[in-house]
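Participant: Below is the file data.txt, with compact mmCIF, C-alpha atoms.
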# COMPACT_ATOMS: atom_id res chain seq x y z
CA MET D 1 107.23 73.34 126.86
CA ASN D 2 104.15 71.37 125.85
CA GLU D 3 105.45 68.07 124.53
CA ASP D 4 102.79 68.10 121.84
CA ARG D 5 103.80 71.53 120.61
CA TRP D 6 105.45 70.07 117.54
CA HIS D 7 103.31 67.02 116.87
CA GLU D 8 103.26 66.00 113.23
CA GLU D 9 99.71 67.12 112.43
CA ARG D 10 100.45 70.60 113.72
CA LEU D 11 103.71 70.72 111.82
CA ALA D 12 101.82 70.00 108.63
CA GLU D 13 99.42 72.88 109.38
CA LEU D 14 102.24 75.29 110.15
CA LEU D 15 104.17 74.31 107.01
CA ALA D 16 101.08 75.06 104.92
CA LEU D 17 100.91 78.62 106.28
CA LEU D 18 104.11 79.78 104.61
CA ARG D 19 103.53 79.41 100.91
CA PRO D 20 105.91 80.93 98.39
CA ALA D 21 105.31 84.54 97.40
CA PRO D 22 104.58 85.04 93.68
CA PRO D 23 107.81 84.72 91.65
CA GLY D 24 107.41 88.21 90.15
CA TRP D 25 107.32 89.80 93.61
CA ILE D 26 110.47 87.99 94.61
CA ARG D 27 112.27 88.89 91.41
CA ALA D 28 111.45 92.59 91.89
CA ALA D 29 112.74 92.50 95.46
CA GLU D 30 115.92 90.71 94.38
CA GLU D 31 116.56 93.40 91.79
CA LEU D 32 116.43 96.24 94.31
CA PRO D 33 120.24 96.67 94.51
CA SER D 34 120.60 97.11 90.75
CA LEU D 35 117.52 99.35 90.67
CA ARG D 36 119.10 101.55 93.36
CA ARG D 37 122.27 101.86 91.31
CA THR D 38 120.33 102.80 88.19
CA LEU D 39 118.26 105.44 89.98
CA ASP D 40 121.35 106.86 91.70
CA ASP D 41 123.07 107.10 88.34
CA LEU D 42 120.12 108.81 86.64
CA VAL D 43 119.78 111.32 89.46
CA ALA D 44 123.52 112.06 89.44
CA ARG D 45 123.50 112.61 85.67
CA ALA D 46 120.43 114.85 85.97
CA GLU D 47 122.17 116.95 88.62
CA ALA D 48 125.22 117.36 86.41
CA ASP D 49 123.48 118.01 83.09
CA ALA D 50 120.46 120.33 82.79
CA ALA D 51 119.58 119.15 79.29
CA PHE D 52 119.61 115.52 80.41
CA ARG D 53 117.47 116.45 83.37
CA ALA D 54 114.88 118.15 81.12
CA ASP D 55 114.72 115.12 78.82
CA LEU D 56 114.47 112.81 81.78
CA ILE D 57 111.61 114.68 83.42
CA ALA D 58 109.79 114.91 80.08
CA ASP D 59 109.53 111.12 79.84
CA LEU D 60 110.53 109.22 82.95
CA GLU D 61 109.05 105.96 81.70
CA GLN D 62 111.12 106.05 78.53
CA ALA D 63 114.30 106.94 80.44
CA LEU D 64 113.83 104.01 82.80
CA ALA D 65 113.05 101.63 79.96
CA ALA D 66 116.20 102.76 78.18
CA GLU D 67 118.17 101.79 81.29
CA GLY D 68 116.59 98.33 81.27
CA VAL D 69 114.27 99.08 84.20
CA GLU D 70 110.60 98.24 84.01
CA PRO D 71 108.87 101.62 84.53
CA SER D 72 106.37 100.46 87.14
CA PRO D 73 104.31 103.20 88.83
CA ARG D 74 106.29 102.68 92.05
CA VAL D 75 109.67 103.17 90.35
CA VAL D 76 108.48 106.14 88.27
CA GLU D 77 107.12 107.82 91.37
CA GLU D 78 110.32 107.26 93.30
CA LEU D 79 112.44 108.68 90.51
CA ARG D 80 110.14 111.69 90.19
CA ASN D 81 110.33 112.32 93.94
CA ARG D 82 114.11 112.11 93.90
CA LEU D 83 114.39 114.52 91.00
CA GLU D 84 112.07 116.96 92.71
CA GLY D 85 113.62 116.51 96.13
CA MET Q 1 124.49 70.40 104.95
CA ASN Q 2 125.61 73.91 104.08
CA ALA Q 3 126.50 76.20 106.97
CA ARG Q 4 123.63 78.61 107.35
CA LEU Q 5 124.49 82.20 108.09
CA THR Q 6 122.92 83.69 111.19
CA ASP Q 7 120.56 86.58 110.65
CA ALA Q 8 123.18 88.96 112.03
CA GLU Q 9 125.81 87.66 109.60
CA LEU Q 10 123.36 87.86 106.72
CA VAL Q 11 122.37 91.45 107.54
CA ALA Q 12 126.03 92.47 107.86
CA ARG Q 13 126.76 91.01 104.42
CA CYS Q 14 123.75 92.76 102.90
CA ARG Q 15 124.91 96.04 104.37
CA ALA Q 16 128.33 95.47 102.81
CA GLY Q 17 126.69 95.18 99.38
CA ASP Q 18 126.75 91.40 98.98
CA GLU Q 19 123.92 90.78 96.52
CA SER Q 20 123.87 87.03 97.07
CA ALA Q 21 123.27 87.75 100.76
CA TRP Q 22 120.41 90.06 99.79
CA ARG Q 23 118.83 87.27 97.74
CA GLU Q 24 119.27 84.93 100.69
CA LEU Q 25 117.56 87.42 102.99
CA ILE Q 26 114.60 87.59 100.59
CA ASP Q 27 114.52 83.81 100.31
CA ARG Q 28 114.51 83.53 104.10
CA TYR Q 29 111.74 86.07 104.76
CA SER Q 30 109.62 86.52 101.61
CA ARG Q 31 107.09 83.87 102.63
CA TYR Q 32 106.76 85.40 106.09
CA VAL Q 33 106.16 88.93 104.77
CA HIS Q 34 103.76 87.60 102.13
CA ALA Q 35 101.82 85.61 104.73
CA ILE Q 36 101.51 88.55 107.14
CA ALA Q 37 100.02 90.70 104.39
CA THR Q 38 97.69 88.10 102.90
CA GLN Q 39 96.71 86.02 105.94
CA ALA Q 40 97.00 88.20 109.04
CA PHE Q 41 95.67 91.35 107.37
CA ARG Q 42 93.92 89.79 104.37
CA LEU Q 43 95.06 92.44 101.93
CA SER Q 44 94.11 92.15 98.28
CA ASP Q 45 96.81 90.87 95.94
CA ALA Q 46 97.51 94.39 94.68
CA ASP Q 47 97.81 95.87 98.18
CA ALA Q 48 99.82 92.90 99.41
CA GLU Q 49 102.25 93.30 96.52
CA ASP Q 50 102.69 97.01 97.31
CA VAL Q 51 103.34 96.22 100.96
CA PHE Q 52 105.73 93.40 100.05
CA GLN Q 53 107.82 95.65 97.79
CA GLU Q 54 107.76 98.51 100.28
CA VAL Q 55 108.94 96.22 103.08
CA PHE Q 56 111.96 95.07 101.11
CA THR Q 57 112.69 98.54 99.73
CA ARG Q 58 112.76 99.98 103.24
CA THR Q 59 114.75 97.02 104.46
CA TYR Q 60 117.36 97.56 101.77
CA THR Q 61 117.63 101.30 102.30
CA ARG Q 62 117.51 101.23 106.11
CA LEU Q 63 119.77 98.29 106.94
CA GLY Q 64 122.37 100.79 108.08
CA ALA Q 65 120.02 102.11 110.73
CA LEU Q 66 119.16 98.72 112.20
CA ARG Q 67 120.18 98.74 115.85
CA ASP Q 68 120.52 94.99 116.26
CA ASP Q 69 121.36 92.90 113.20
CA ALA Q 70 120.13 89.75 114.93
CA ALA Q 71 116.68 91.31 115.37
CA ILE Q 72 115.86 91.49 111.67
CA ARG Q 73 113.02 88.99 112.07
CA PRO Q 74 110.91 90.97 114.60
CA TRP Q 75 111.91 94.18 112.81
CA LEU Q 76 110.52 92.84 109.52
CA ALA Q 77 107.37 91.60 111.23
CA GLN Q 78 106.74 95.00 112.81
CA LEU Q 79 107.49 96.87 109.59
CA THR Q 80 105.13 94.63 107.60
CA ARG Q 81 102.42 94.96 110.23
CA ASN Q 82 102.68 98.76 110.24
CA LEU Q 83 102.59 99.01 106.46
CA CYS Q 84 99.55 96.70 106.31
CA LEU Q 85 97.72 98.86 108.85
CA ASP Q 86 98.64 101.99 106.88
CA ARG Q 87 97.25 100.40 103.75
CA ILE Q 88 93.99 99.46 105.48
CA ARG Q 89 93.62 103.00 106.86
CA GLU Q 90 94.20 104.47 103.39
CA SER Q 91 91.60 102.15 101.87
CA SER Q 92 89.04 102.96 104.55
CA ARG Q 93 89.19 106.65 103.62
CA THR Q 94 87.75 105.94 100.19
CA THR Q 95 85.69 102.80 100.65
CA PRO Q 96 84.10 101.30 103.74
CA ALA Q 97 86.65 98.78 104.92
CA GLU Q 98 85.81 95.54 106.59
CA ASP Q 99 86.77 95.67 110.21
CA VAL Q 100 90.14 94.16 110.90
CA ASP Q 101 89.95 92.27 114.13
CA PRO Q 102 93.24 93.13 115.86
CA GLY Q 103 92.90 90.08 118.08
CA GLY Q 104 92.52 87.84 115.07
CA ALA Q 105 95.47 89.46 113.34
CA ASP Q 106 97.64 89.08 116.42
CA GLU Q 107 96.70 85.43 116.72
CA THR Q 108 97.59 84.83 113.08
CA LEU Q 109 100.86 86.72 113.50
CA ALA Q 110 101.77 84.43 116.40
CA GLN Q 111 100.99 81.38 114.25
CA LEU Q 112 103.07 82.73 111.39
CA ASP Q 113 105.95 83.29 113.77
CA GLU Q 114 105.77 79.62 114.77
CA ALA Q 115 105.46 78.64 111.13
CA LEU Q 116 108.67 80.53 110.41
CA THR Q 117 110.41 78.67 113.21
CA VAL Q 118 109.30 75.43 111.53
CA GLN Q 119 110.57 76.68 108.15
CA GLU Q 120 113.95 77.42 109.69
CA ALA Q 121 114.11 73.91 111.13
CA LEU Q 122 113.17 72.57 107.70
CA THR Q 123 116.09 74.45 106.17
CA ARG Q 124 118.45 72.98 108.77
CA LEU Q 125 117.11 69.54 107.96
CA GLY Q 126 118.13 69.92 104.33
CA ASP Q 127 117.15 67.78 101.37
CA PRO Q 128 115.59 65.41 100.57
CA CYS Q 129 113.17 66.05 103.45
CA ALA Q 130 113.10 69.82 103.06
CA GLU Q 131 112.19 69.63 99.40
CA LEU Q 132 109.68 66.83 99.88
CA LEU Q 133 107.81 68.57 102.71
CA ASP Q 134 107.92 71.93 100.94
CA ARG Q 135 106.52 70.53 97.72
CA PHE Q 136 103.67 68.70 99.44
CA PHE Q 137 102.62 71.06 102.23
CA CYS Q 138 103.64 74.51 100.95
CA ARG Q 139 103.22 74.11 97.20
CA ASP Q 140 100.27 71.69 97.21
CA GLN Q 141 101.93 69.32 94.76
CA SER Q 142 100.34 65.90 94.33
CA TYR Q 143 102.10 62.60 95.02
CA ARG Q 144 102.20 62.08 91.26
CA VAL Q 145 103.88 65.42 90.52
CA ILE Q 146 106.37 64.96 93.35
CA GLY Q 147 107.10 61.42 92.24
CA ASP Q 148 107.64 62.51 88.63
CA GLU Q 149 109.84 65.49 89.46
CA LEU Q 150 111.95 63.79 92.14
CA GLU Q 151 111.99 60.44 90.34
CA LEU Q 152 110.47 58.63 93.28
CA PRO Q 153 107.79 55.91 93.17
CA ALA Q 154 104.51 57.70 93.93
CA GLY Q 155 103.54 54.87 96.25
CA THR Q 156 106.40 55.69 98.58
CA ILE Q 157 105.69 59.43 98.95
CA ALA Q 158 103.27 59.12 101.88
CA SER Q 159 105.68 57.06 103.97
CA ARG Q 160 108.57 59.39 103.11
CA LEU Q 161 106.49 62.40 104.15
CA SER Q 162 105.65 60.74 107.44
CA ARG Q 163 109.28 59.94 108.17
CA CYS Q 164 110.32 63.47 107.22
CA LEU Q 165 107.73 64.99 109.56
CA THR Q 166 109.11 62.82 112.35
CA LYS Q 167 112.59 64.02 111.52
CA LEU Q 168 111.42 67.64 111.46
CA ARG Q 169 109.79 67.20 114.86
CA ALA Q 170 113.02 65.80 116.24
CA GLU Q 171 114.92 68.77 114.82
CA LEU Q 172 112.55 71.21 116.49
CA GLU Q 173 112.77 69.37 119.80
CA GLY Q 174 116.54 69.39 119.60
CA ARG Q 175 116.85 65.64 119.39
CA ASN Q 176 117.60 65.03 115.73
CA ASP Q 177 118.87 61.47 115.95
CA GLY Q 178 119.28 60.92 112.25
CA VAL Q 179 115.93 59.34 111.44
CA GLN Q 180 116.36 58.46 107.77
CA PRO Q 181 113.83 59.65 105.18
CA SER Q 182 114.39 56.38 103.38
CA GLY Q 183 116.46 57.12 100.37
CA GLY Q 184 115.65 60.32 98.60
CA ARG Q 185 116.88 61.58 95.33
Could you spell out this file's structure in structure tokens?
Facilitator:
Amino acid sequence: MNEDRWHEERLAELLALLRPAPPGWIRAAEELPSLRRTLDDLVARAEADAAFRADLIADLEQALAAEGVEPSPRVVEELRNRLEG
Amino acid sequence: MNARLTDAELVARCRAGDESAWRELIDRYSRYVHAIATQAFRLSDADAEDVFQEVFTRTYTRLGALRDDAAIRPWLAQLTRNLCLDRIRESSRTTPAEDVDPGGADETLAQLDEALTVQEALTRLGDPCAELLDRFFCRDQSYRVIGDELELPAGTIASRLSRCLTKLRAELEGRNDGVQPSGGR
């Protein structure tokens, strides 16, 4: 190994390459497990109850908001795909 | 210093539904994924955010299919790379895309891989050096801000940073002999 591989100036440059991701991105990724549970629950209820399913499909954004989930386009699209799948 | 889980242990805990392990996995790799999207492939913020969320969504839903838990790092790098290339191809269908120089991207990816190795060494080093170096080099905080927030005399920050870099180098070279960062918080 090159003995200068980890000289201090290079370490400073390498440290500066890995800056924190925006906090909102990290928070959304951290919330994936609870989001999965919410979507699983909504899909299960829709499969068991036709009236619920109709209401859900009529306004996905509202249904997600009511469950405490921010209805981002990505989440709405995923829920729609799962209901249609 | 807290015992740090190996990647394989962390992945196993995530697969078992341990949400604190999931947060740790994101903490460990979010900068790397972010940097691949924004530096190696120079995606816009909106595209980079989509790739970032898709990487972690697929990671969460496909952990069960991972063949080697210890290989999460190269697996994440490859997944991020592929999703970035997909995004660039999609964009080029509607608007003329700037050429992405694969050689340049590969070179940056190699640098980011080394940068992640340095970050891991920084984590092993622990505070106060880890926090000091992170604040100055990764978060661009001034001596004054660091001094105020860590309650350190601003005039001592430069020498502390120098000592911490020396300590980090020793850690990476496997000869951490306990060079002291001179106090700390």
Participant: Hey, what's within 12 Å of Q:His34 if we count only C-alpha atoms and toss same-chain stuff fewer than 3 positions away? As JSON, numbers by chain, please?
Facilitator: {"D": [17, 18, 19, 20, 21, 22, 23, 25, 26], "Q": [26, 27, 28, 29, 30, 31, 37, 38, 39, 40, 41, 42, 43, 44, 45, 46, 47, 48, 49, 50, 51, 52, 53, 54, 55, 56, 76, 77, 80, 81, 84, 109, 112, 116]}
Participant: Would you mind listing, for every residue of chain Q within 6 Å of chain D, the two atoms forming the shortest contact and the distance between them in Å to one decimal, using all atoms listed in the file, sorted by chain and ascending residue number, as CSV?
Facilitator:
residue,atom,partner,partner_atom,distance
Q:Arg23,CA,D:Glu30,CA,5.6
Q:Arg31,CA,D:Pro20,CA,5.3
Q:His34,CA,D:Ala21,CA,5.8
Q:Ala115,CA,D:Leu14,CA,4.7
Q:Phe137,CA,D:Ala16,CA,5.1
Q:Cys138,CA,D:Ala16,CA,4.8
Q:Leu165,CA,D:Glu8,CA,5.9
Q:Arg169,CA,D:Trp6,CA,5.9
Participant: Which of these residues is nearest to Q:Ile72, using only C-alpha atoms: Q:Glu9, Q:Asp18, Q:Glu149, Q:Glu173?
Facilitator: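 Closest to Q:Ile72 of all the choices is Q:Glu9.
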Participant: Tell me, as a list of chain:residue names, which residues lie within 10 Å of Q:Gly147, counting all atoms listed in the file; anything in the same chain fewer than 5 positions away does not count.
Facilitator: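 The residues that qualify are Q:Leu132, Q:Gln141, Q:Ser142, Q:Leu152, Q:Pro153, Q:Ala154, Q:Gly155, Q:Thr156, Q:Ile157.
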Participant: Mind giving me the straight-line distance from atom CA of Q:Trp22 to atom CA of Q:Ala8 in Å, one decimal?
Facilitator: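 Straight-line distance from atom CA of Q:Trp22 to atom CA of Q:Ala8 works out to 12.6 Å.
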Participant: With distances taken over only C-alpha atoms, which residue among D:Arg45, D:Glu84, D:Thr38, D:Phe52 lies nearest D:Leu64?
Facilitator: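 Result for the nearest residue to D:Leu64: D:Thr38.
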